[in-house]
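Asks: I'd like to ask some things about the structure below.
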2 protein chains.
Amino acid sequence: MSTYPRSPVMGQMMDQPLLISSIITFAARHYGGSEIVSRRIEGDLHRYTFADCHSRARRLANALQALGVQMGERVATLAWNGYRHLEAYYAVSGSGAVLHTINPRLHPEQIAYIANHAEDQYLLFDLTFLPLVEAIAPHCQTVRGWILMCDRDRMPAASKIAGLMCYEDLIDSHTDDYAWPLFDENSAATLCYTSGTTGHPKGALYSHRSTVLHAYGSALPNALNVSSQDTVMPVVPMFHVNAWGLPYSVPLSGAKLVFPGAALDGKSVYELFESERVTFSAGVPTVWLGLINYALQNQLKFSTFRRTVIGGSACPPAMMDTLIDEFGVDVIHGWGMTEMSPLGTTGGLMCKHLSLPKEAQRKVLQKQGHAVYGVDMKIVDDDGVELPWDGVQYGHLLVQGPWIIARYFKDEGGDVLQDGWFPTGDVATIDADGYMQITDRSKDVIKSGGEWIGTIDLENIAVAHPAVMQAACIGIAHPKWDERPLLVVVLRPGQAVSREQLLAYFDGKIAKWWLPDDVVFVEALPVGGTGKIQKNKLREQFRDYRLPTA
Amino acid sequence: MSTYPRSPVMGQMMDQPLLISSIITFAARHYGGSEIVSRRIEGDLHRYTFADCHSRARRLANALQALGVQMGERVATLAWNGYRHLEAYYAVSGSGAVLHTINPRLHPEQIAYIANHAEDQYLLFDLTFLPLVEAIAPHCQTVRGWILMCDRDRMPAASKIAGLMCYEDLIDSHTDDYAWPLFDENSAATLCYTSGTTGHPKGALYSHRSTVLHAYGSALPNALNVSSQDTVMPVVPMFHVNAWGLPYSVPLSGAKLVFPGAALDGKSVYELFESERVTFSAGVPTVWLGLINYALQNQLKFSTFRRTVIGGSACPPAMMDTLIDEFGVDVIHGWGMTEMSPLGTTGGLMCKHLSLPKEAQRKVLQKQGHAVYGVDMKIVDDDGVELPWDGVQYGHLLVQGPWIIARYFKDEGGDVLQDGWFPTGDVATIDADGYMQITDRSKDVIKSGGEWIGTIDLENIAVAHPAVMQAACIGIAHPKWDERPLLVVVLRPGQAVSREQLLAYFDGKIAKWWLPDDVVFVEALPVGGTGKIQKNKLREQFRDYRLPTA
């Protein structure tokens with residue numbers, strides 16, 4: 001693949017490809033006794049070791065071979081975080097096929113579209129998704145077989161799916177006598193589609209090399225900081241951007257791994273944290289909201305939970321304060337995207353911040369943070385000119401690195417790079433210390449009188465108001481200023497605040513010309529398959545809205 | 001280079017080679033303000049930032065280009081740990097040439113041999129080594145120019161070296177307008193010769209790929225655990241195995257970097273630790289001995305020093321106890337070798353050990369520890385058959401991985417691998433948790449009656465005796481048992497112990513048949529260029545020794 005010139009003198013090191021199979025082999029050999037605990041769809045807790053996982057992954061690899069799966073062919077999953085899903089991660093990629101994780105929260109039509117576009121040959125799924133699979137199966141043209149990931153006694157007596165296979169039967173009918181093949185590290189390993197707020201979802205096709213390098217980078221102390229003294233629970237789903245790489249970074253670190261399955265409510269997560277002595281977890285803000293509310297309502301503390309990475313969307317400052325001040329949990333911001341494997345930056349303090357007062361430290365932690373070594377980034381204006389790193393000027397955020405896509409699967413969308421850089425679609429500042437802060441999505445930023453207004457700042461202020469549960473800010477056409485901000489708000493149950501009171505709440509917190517021109521109260525905001533507010537739908541909804549100032 | 005089969009479906013990720021220049025570029029862009037503090041040969045402390053370092057490294061790269069240095073050519077250094085040496089690390093490798101670090105503790109004839117063997121084109125050196133360089137220069141046939149790494153006003157008025165250049169002049173006469181070239185990541189980057197206790201030294205020729213992968217692996221939480229909250233002082237020299245990769249792993253982590261220069265005595269190291277608030281350091285046991293003695297004698301504690309990696313040779317249990325119990329410094333064992341870039345394993349506790357009593361934890365910490373992800377290892381018997389990981393059976397330790405050599409530079413020594421594995425020359429056990437423990441060097445192990453006796457255990461017991469300063473155990477020919485152990489001891493000044501008392505001290509600590517057959521007291525033990533006891537010389541010295549039992 002590489003077309004770079006060779007030196008007349010080459011290094012004399014072992015030529016070993018960076019392959020995903022090397023991670024599970026390492027974990028099984030060097031940390032073979034470390035535990036993997038999974039809350040199963042069946043209801044109980046399942047526990048075994050990395051050595052067991054390696055054995056079953058090799059049995060699955062034999063089974064896939066017997067089913068005729070060829071190198072490069074796609075094998076899909078529709079599954080929660082659990083040990084069988086982990087086995088599929090290693091068996092599919094390790095054997096040279098491509099693991100295609102499908103997000104079950106997408107619309108069934110989108111799932112069928114994705115399965116057809118990926119040309120999935122087999123689809124492995126959890127019992128939860130049997131009705132979904134029965135609905136989409138007739139529309140999936142390439143799938144040769146459906147594999148239900150459950151014990152034999154849980155298999156449905158009858159199913160609309162012809163020739164439905166039982167995962168445990170497959171495992172039982174093969175030995176673990178399987179040698180992981182060696183192949184070019186740039187071979188495709190996993191496939192994940194973007195949520196696609198506009199147009200069809202597009203696939204990011206990761207390689208073995210990019211996945212292994214991402215595993216190294218994301219496990220670093222400055223990033224997710226995973227060690228053999230940790231017990232890690234990925235709440236972030238394995239069905240979307242590989243649970244931020246934790247299914248790879250945890251085994252290579254020898255940590256204990258805990259999977260929550262489908263039970264992501266506050267009570268279930270809390271109880272699993274306590275019973276398994278989880279030290280570190282990663283997830284999106286909405287999950288932590290449920291956990292925090294459960295703990296506060298029941299006056300509970302965490303015995304072992306000390307650190308969390310929060311990503312997907314920014315951690316609201318109030319949530320960060322609660323986690324740190326009430327529960328003693330360190331909060332690390334993670335930022336990335338499907339196209340970045342996904343990790344780009346992580347928050348955290350440097351030496352020089354350790355002596356700062358709490359409030360000043362909190363300001364640092366609220367930023368999306370430093371690039372992980374392997375990722376470079378820059379901000380540019382509309383003409384592509386690089387902007388200074390002063391923490392004030394903001395521009396389109398571009399990224400570069402070996403775990404960032406060069407193009408989408410099957411070249412959907414054509415050339416996506418700008419001079420070799422991937423445009424993230426985010427607008428951000430970067431300060432002199434290298435801390436990046438997202439101020440908006442490029443398509444959400446409000447252009448008012450030739451200047452940009454970042455909507456995330458406005459939304460953060462709004463949700464800090466005690467009466468406000470959710471807020472979204474969108475640009476509304478304005479005859480004089482081109483666009484002006486409209487704040488759309490969902491109130492907390494039983495709470496009230498007037499338009500004027502809420503606008504007054506912004507006083508002194510932002511520049512005067514950033515103040516929203518109006519506030520609208522709604523019952524709910526449109527939310528997509530990955531839990532993010534769909535601003536394009538909101539803009540559609542308020543397309544004919546007329547601002548009082550217009 | 002890679003000849004592995006390609007999948008019909010390749011990943012769609014950016015094709016970026018893993019190059020050493022990407023590390024300093026990253027540090028300068030993302031942690032540009034992080035400090036590098038160096039105790040200079042000139043005597044004062046020098047301080048600047050990663051951004052400054054990057055700028056000067058590029059000026060040096062321009063200077064090397066102007067001197068006609070071609071891609072793949074070797075440029076040597078004879079230098080202490082300091083900022084100019086770091087600039088050379090990046091300028092030489094980054095520009096595509098090969099950095100050849102020479103160990104100044106080797107004999108001048110060996111240095112000349114190495115410089116000729118490597119075909120060094122230029123040699124950069126510290127003022128300390130001017131007499132050494134004047135002595136070897138006439139014997140170095142390929143060196144086209146000599147560069148003294150000092151300020152202009154420190155340049156000697158006259159020198160035997162024709163056309164001696166001043167480093168600062170070179171830097172001053174070029175701009176930092178230099179773009180690091182992109183080339184194949186398997187290109188040679190750095191060259192380091194083994195200490196070579198027998199025969200000529202042999203060169204390990206690292207690639208950019210191996211160096212970057214080693215930087216990722218060695219910075220992991222389970223390994224050296226370097227973060228942007230650390231202040232790191234590499235005491236381990238940059239002139240030998242790249243200071244365990246710290247000149248790479250620290251910049252990619254954005255930590256503050258402190259260089260001790262030539263002042264490695266206890267007082268100097270202590271004062272620099274305190275004044276620069278060092279949190280983490282790495283070095284060989286002898287350096288820590290000096291530091292500990294200075295601190296104990298002056299009843300000093302460390303204000304910020306919290307963690308050390310000790311390697312090169314095993315940390316004596318008594319030293320580990322003192323560091324942990326008296327000074328509150330966490331001790332991590334590091335094991336590796338020149339042929340391994342050098343990191344192979346690091347010690348440390350897992351989750352399951354955290355609740356153990358102190359003594360049991362200490363037993364775990366005394367082992368050489370877990371392989372870093374990227375390294376695989378196994379133990380085999382004399383016939384190459386793999387032995388079980390039970391912590392009891394010991395065998396020849398073999399290793400494999402992308403930062404381990406496949407052959408020596410210029411194929412010295414011919415085929416060195418055994419079925420694709422590199423034989424370390426160490427004898428070790430590995431326990432069920434994956435902890436490796438070195439019991440001996442393969443050539444030092446004593447073969448008695450068909451069984452092996454590990455000399456390191458015997459030596460550790462001996463040095464734990466209050467009267468013993470140093471001890472070495474060697475095999476002496478024996479008519480009945482083939483070989484039997486002889487203990488050679490250096491007493492502490494003013495201390496005394498008899499042969500019988502010392503042998504009685506082993507009672508209950510080892511199997512009876514391991515007990516040395518005799519004890520000899522000497523004034524000093526032969527020590528080589530890297531500070532290790534030269535057992536081959538000791539065996540030579542006692543070749544005609546006759547055991548009382550023989």
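Residues in the structure tokens are numbered from 1 in each chain, the chains being A, B, ... in the order shown, and ligands are numbered from 1 in the order shown.
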As JSON, numbers by chain, which residues of range 23-209 of chain B does DSSP assign to strand (DSSP E or B)?
Replies: {"B": [35, 36, 37, 38, 39, 45, 46, 47, 48, 49, 74, 75, 76, 77, 78, 81, 98, 99, 100, 101, 122, 123, 124, 125, 145, 146, 147, 148, 165, 166, 187, 188, 189, 190, 191, 192, 193, 203, 204, 205, 206, 207]}
Asks: What does the file look like for those residues with C-alpha atoms, as a PDB file, in the first residue's frame?
Replies:
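Saved file result27.pdb follows:
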ATOM      1  CA  GLU B  35       9.646  22.519  29.061  1.00  0.00           C
ATOM      2  CA  ILE B  36      12.925  20.732  28.490  1.00  0.00           C
ATOM      3  CA  VAL B  37      15.456  21.487  31.239  1.00  0.00           C
ATOM      4  CA  SER B  38      19.072  20.343  30.831  1.00  0.00           C
ATOM      5  CA  ARG B  39      22.042  20.460  33.166  1.00  0.00           C
ATOM      6  CA  LEU B  45      20.810  24.828  33.666  1.00  0.00           C
ATOM      7  CA  HIS B  46      19.423  25.373  30.197  1.00  0.00           C
ATOM      8  CA  ARG B  47      15.674  25.590  29.629  1.00  0.00           C
ATOM      9  CA  TYR B  48      13.511  25.859  26.564  1.00  0.00           C
ATOM     10  CA  THR B  49      10.354  24.294  25.130  1.00  0.00           C
ATOM     11  CA  ARG B  74      25.189   7.179   9.797  1.00  0.00           C
ATOM     12  CA  VAL B  75      25.773  10.210  12.013  1.00  0.00           C
ATOM     13  CA  ALA B  76      27.209   9.355  15.425  1.00  0.00           C
ATOM     14  CA  THR B  77      26.942  10.926  18.871  1.00  0.00           C
ATOM     15  CA  LEU B  78      29.138  10.665  21.969  1.00  0.00           C
ATOM     16  CA  ASN B  81      21.552  13.349  28.213  1.00  0.00           C
ATOM     17  CA  VAL B  98      20.725   7.051  10.841  1.00  0.00           C
ATOM     18  CA  LEU B  99      21.541   8.213  14.370  1.00  0.00           C
ATOM     19  CA  HIS B 100      24.350   6.099  15.793  1.00  0.00           C
ATOM     20  CA  THR B 101      24.616   6.594  19.551  1.00  0.00           C
ATOM     21  CA  TYR B 122      29.961  12.775  11.174  1.00  0.00           C
ATOM     22  CA  LEU B 123      30.369  12.541  14.914  1.00  0.00           C
ATOM     23  CA  LEU B 124      28.748  14.964  17.362  1.00  0.00           C
ATOM     24  CA  PHE B 125      30.174  14.991  20.882  1.00  0.00           C
ATOM     25  CA  GLY B 145      33.660  15.876  10.180  1.00  0.00           C
ATOM     26  CA  TRP B 146      33.669  16.318  13.949  1.00  0.00           C
ATOM     27  CA  ILE B 147      31.094  18.530  15.652  1.00  0.00           C
ATOM     28  CA  LEU B 148      31.598  19.714  19.214  1.00  0.00           C
ATOM     29  CA  MET B 165      33.134  22.356  13.946  1.00  0.00           C
ATOM     30  CA  CYS B 166      31.064  24.118  16.592  1.00  0.00           C
ATOM     31  CA  SER B 187      13.787   2.722   6.763  1.00  0.00           C
ATOM     32  CA  ALA B 188      16.648   2.615   9.264  1.00  0.00           C
ATOM     33  CA  ALA B 189      16.451   5.293  11.989  1.00  0.00           C
ATOM     34  CA  THR B 190      18.946   4.566  14.751  1.00  0.00           C
ATOM     35  CA  LEU B 191      21.835   2.215  15.393  1.00  0.00           C
ATOM     36  CA  CYS B 192      23.028   0.977  18.771  1.00  0.00           C
ATOM     37  CA  TYR B 193      25.777  -1.564  19.415  1.00  0.00           C
ATOM     38  CA  GLY B 203      24.738  -3.363  15.911  1.00  0.00           C
ATOM     39  CA  ALA B 204      20.962  -3.283  16.388  1.00  0.00           C
ATOM     40  CA  LEU B 205      19.546  -1.218  13.526  1.00  0.00           C
ATOM     41  CA  TYR B 206      16.119   0.111  14.498  1.00  0.00           C
ATOM     42  CA  SER B 207      13.565   1.363  11.961  1.00  0.00           C
TER      43      SER B 207
END
Asks: Sorted by chain and rising residue number, which residues of chain A lie within 6 Å of chain B, and what are their closest atom pairs and distances in Å to one decimal, counting only C-alpha atoms, as JSON lines?
Replies:
{"residue": "A:Tyr4", "atom": "CA", "partner": "B:Phe183", "partner_atom": "CA", "distance": 4.7}
{"residue": "A:Pro5", "atom": "CA", "partner": "B:Phe183", "partner_atom": "CA", "distance": 4.8}
{"residue": "A:Arg6", "atom": "CA", "partner": "B:Asp184", "partner_atom": "CA", "distance": 5.0}
{"residue": "A:Ser7", "atom": "CA", "partner": "B:Ser187", "partner_atom": "CA", "distance": 5.2}
{"residue": "A:Pro8", "atom": "CA", "partner": "B:Gly72", "partner_atom": "CA", "distance": 5.7}
{"residue": "A:Val9", "atom": "CA", "partner": "B:Gly72", "partner_atom": "CA", "distance": 5.0}
{"residue": "A:Met10", "atom": "CA", "partner": "B:Ser187", "partner_atom": "CA", "distance": 4.2}
{"residue": "A:Gly11", "atom": "CA", "partner": "B:Ala188", "partner_atom": "CA", "distance": 4.0}
{"residue": "A:Gln12", "atom": "CA", "partner": "B:Leu205", "partner_atom": "CA", "distance": 5.5}
{"residue": "A:Met13", "atom": "CA", "partner": "B:Ile405", "partner_atom": "CA", "distance": 4.1}
{"residue": "A:Met14", "atom": "CA", "partner": "B:Ala406", "partner_atom": "CA", "distance": 4.7}
{"residue": "A:Gln16", "atom": "CA", "partner": "B:Pro402", "partner_atom": "CA", "distance": 5.4}
{"residue": "A:His30", "atom": "CA", "partner": "B:Gly434", "partner_atom": "CA", "distance": 4.6}
{"residue": "A:Gly72", "atom": "CA", "partner": "B:Val9", "partner_atom": "CA", "distance": 5.0}
{"residue": "A:Phe183", "atom": "CA", "partner": "B:Tyr4", "partner_atom": "CA", "distance": 4.7}
{"residue": "A:Asp184", "atom": "CA", "partner": "B:Tyr4", "partner_atom": "CA", "distance": 4.9}
{"residue": "A:Asn186", "atom": "CA", "partner": "B:Gly11", "partner_atom": "CA", "distance": 5.7}
{"residue": "A:Ser187", "atom": "CA", "partner": "B:Met10", "partner_atom": "CA", "distance": 4.2}
{"residue": "A:Ala188", "atom": "CA", "partner": "B:Gly11", "partner_atom": "CA", "distance": 3.9}
{"residue": "A:Leu205", "atom": "CA", "partner": "B:Gly11", "partner_atom": "CA", "distance": 5.3}
{"residue": "A:Tyr206", "atom": "CA", "partner": "B:Gly11", "partner_atom": "CA", "distance": 5.1}
{"residue": "A:Ser207", "atom": "CA", "partner": "B:Gly11", "partner_atom": "CA", "distance": 4.2}
{"residue": "A:Leu220", "atom": "CA", "partner": "B:Leu220", "partner_atom": "CA", "distance": 5.0}
{"residue": "A:Pro221", "atom": "CA", "partner": "B:Ser227", "partner_atom": "CA", "distance": 5.3}
{"residue": "A:Asn222", "atom": "CA", "partner": "B:Ser227", "partner_atom": "CA", "distance": 5.4}
{"residue": "A:Ser227", "atom": "CA", "partner": "B:Pro221", "partner_atom": "CA", "distance": 5.3}
{"residue": "A:Ser228", "atom": "CA", "partner": "B:Met350", "partner_atom": "CA", "distance": 5.3}
{"residue": "A:Gln229", "atom": "CA", "partner": "B:Cys351", "partner_atom": "CA", "distance": 4.3}
{"residue": "A:Leu252", "atom": "CA", "partner": "B:Tyr373", "partner_atom": "CA", "distance": 5.9}
{"residue": "A:Met350", "atom": "CA", "partner": "B:Gln229", "partner_atom": "CA", "distance": 4.8}
{"residue": "A:Cys351", "atom": "CA", "partner": "B:Gln229", "partner_atom": "CA", "distance": 4.3}
{"residue": "A:Tyr373", "atom": "CA", "partner": "B:Leu252", "partner_atom": "CA", "distance": 5.9}
{"residue": "A:Pro402", "atom": "CA", "partner": "B:Met14", "partner_atom": "CA", "distance": 5.2}
{"residue": "A:Ile404", "atom": "CA", "partner": "B:Met13", "partner_atom": "CA", "distance": 5.6}
{"residue": "A:Ile405", "atom": "CA", "partner": "B:Met13", "partner_atom": "CA", "distance": 4.1}
{"residue": "A:Ala406", "atom": "CA", "partner": "B:Met14", "partner_atom": "CA", "distance": 4.7}
{"residue": "A:Arg407", "atom": "CA", "partner": "B:Gln12", "partner_atom": "CA", "distance": 6.0}
{"residue": "A:Gly434", "atom": "CA", "partner": "B:His30", "partner_atom": "CA", "distance": 4.6}
Asks: Among the residues of range 236-398 of chain A, find those DSSP assigns to helix (DSSP H, G or I) from the backbone and print them as a VMD selection string.
Replies: chain A and resid 241 to 253 266 to 276 285 to 297 317 to 327 338 to 340 351 to 353 358 to 365
Asks: Quick one: everything within 8 Å of Asp126 in chain A, counting only C-alpha atoms, minus sequence neighbours fewer than 4 positions away in the same chain. Send it as number ranges by chain.
Replies: A: 41, 78-80, 130, 148-150
Asks: Atoms to include: N, CA and C atoms. Write the selected residues as a PDB file, in the first residue's frame.
Replies:
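Dumped to part-v2.pdb:
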ATOM      1  N   ILE A  41     -28.381 -11.089  27.953  1.00  0.00           N
ATOM      2  CA  ILE A  41     -29.770 -10.851  27.568  1.00  0.00           C
ATOM      3  C   ILE A  41     -30.648 -11.854  28.302  1.00  0.00           C
ATOM      4  N   LEU A  78     -25.711  -7.392  15.231  1.00  0.00           N
ATOM      5  CA  LEU A  78     -26.725  -6.506  15.823  1.00  0.00           C
ATOM      6  C   LEU A  78     -26.766  -6.937  17.275  1.00  0.00           C
ATOM      7  N   ALA A  79     -25.935  -6.324  18.112  1.00  0.00           N
ATOM      8  CA  ALA A  79     -25.760  -6.912  19.445  1.00  0.00           C
ATOM      9  C   ALA A  79     -25.352  -5.870  20.479  1.00  0.00           C
ATOM     10  N   TRP A  80     -25.688  -6.160  21.717  1.00  0.00           N
ATOM     11  CA  TRP A  80     -25.299  -5.350  22.865  1.00  0.00           C
ATOM     12  C   TRP A  80     -23.843  -5.651  23.229  1.00  0.00           C
ATOM     13  N   LEU A 130     -34.558 -10.078  17.722  1.00  0.00           N
ATOM     14  CA  LEU A 130     -35.242 -11.065  16.879  1.00  0.00           C
ATOM     15  C   LEU A 130     -36.378 -10.429  16.071  1.00  0.00           C
ATOM     16  N   LEU A 148     -28.367 -16.543  15.779  1.00  0.00           N
ATOM     17  CA  LEU A 148     -28.911 -15.961  17.004  1.00  0.00           C
ATOM     18  C   LEU A 148     -27.944 -16.254  18.160  1.00  0.00           C
ATOM     19  N   MET A 149     -27.454 -15.162  18.805  1.00  0.00           N
ATOM     20  CA  MET A 149     -26.421 -15.296  19.837  1.00  0.00           C
ATOM     21  C   MET A 149     -27.058 -15.613  21.178  1.00  0.00           C
ATOM     22  N   CYS A 150     -27.489 -16.864  21.349  1.00  0.00           N
ATOM     23  CA  CYS A 150     -28.087 -17.249  22.644  1.00  0.00           C
ATOM     24  C   CYS A 150     -27.889 -18.738  22.875  1.00  0.00           C
TER      25      CYS A 150
END
Asks: Find the spatial neighbours of range 481-489 of chain A, counting only C-alpha atoms, within a cut-off of 9 Å - ignore same-chain residues fewer than 4 positions away - and output them as number ranges by chain.
Replies: A: 446-450, 453, 455, 458-459, 462-463, 468-477, 514-525, 538, 547
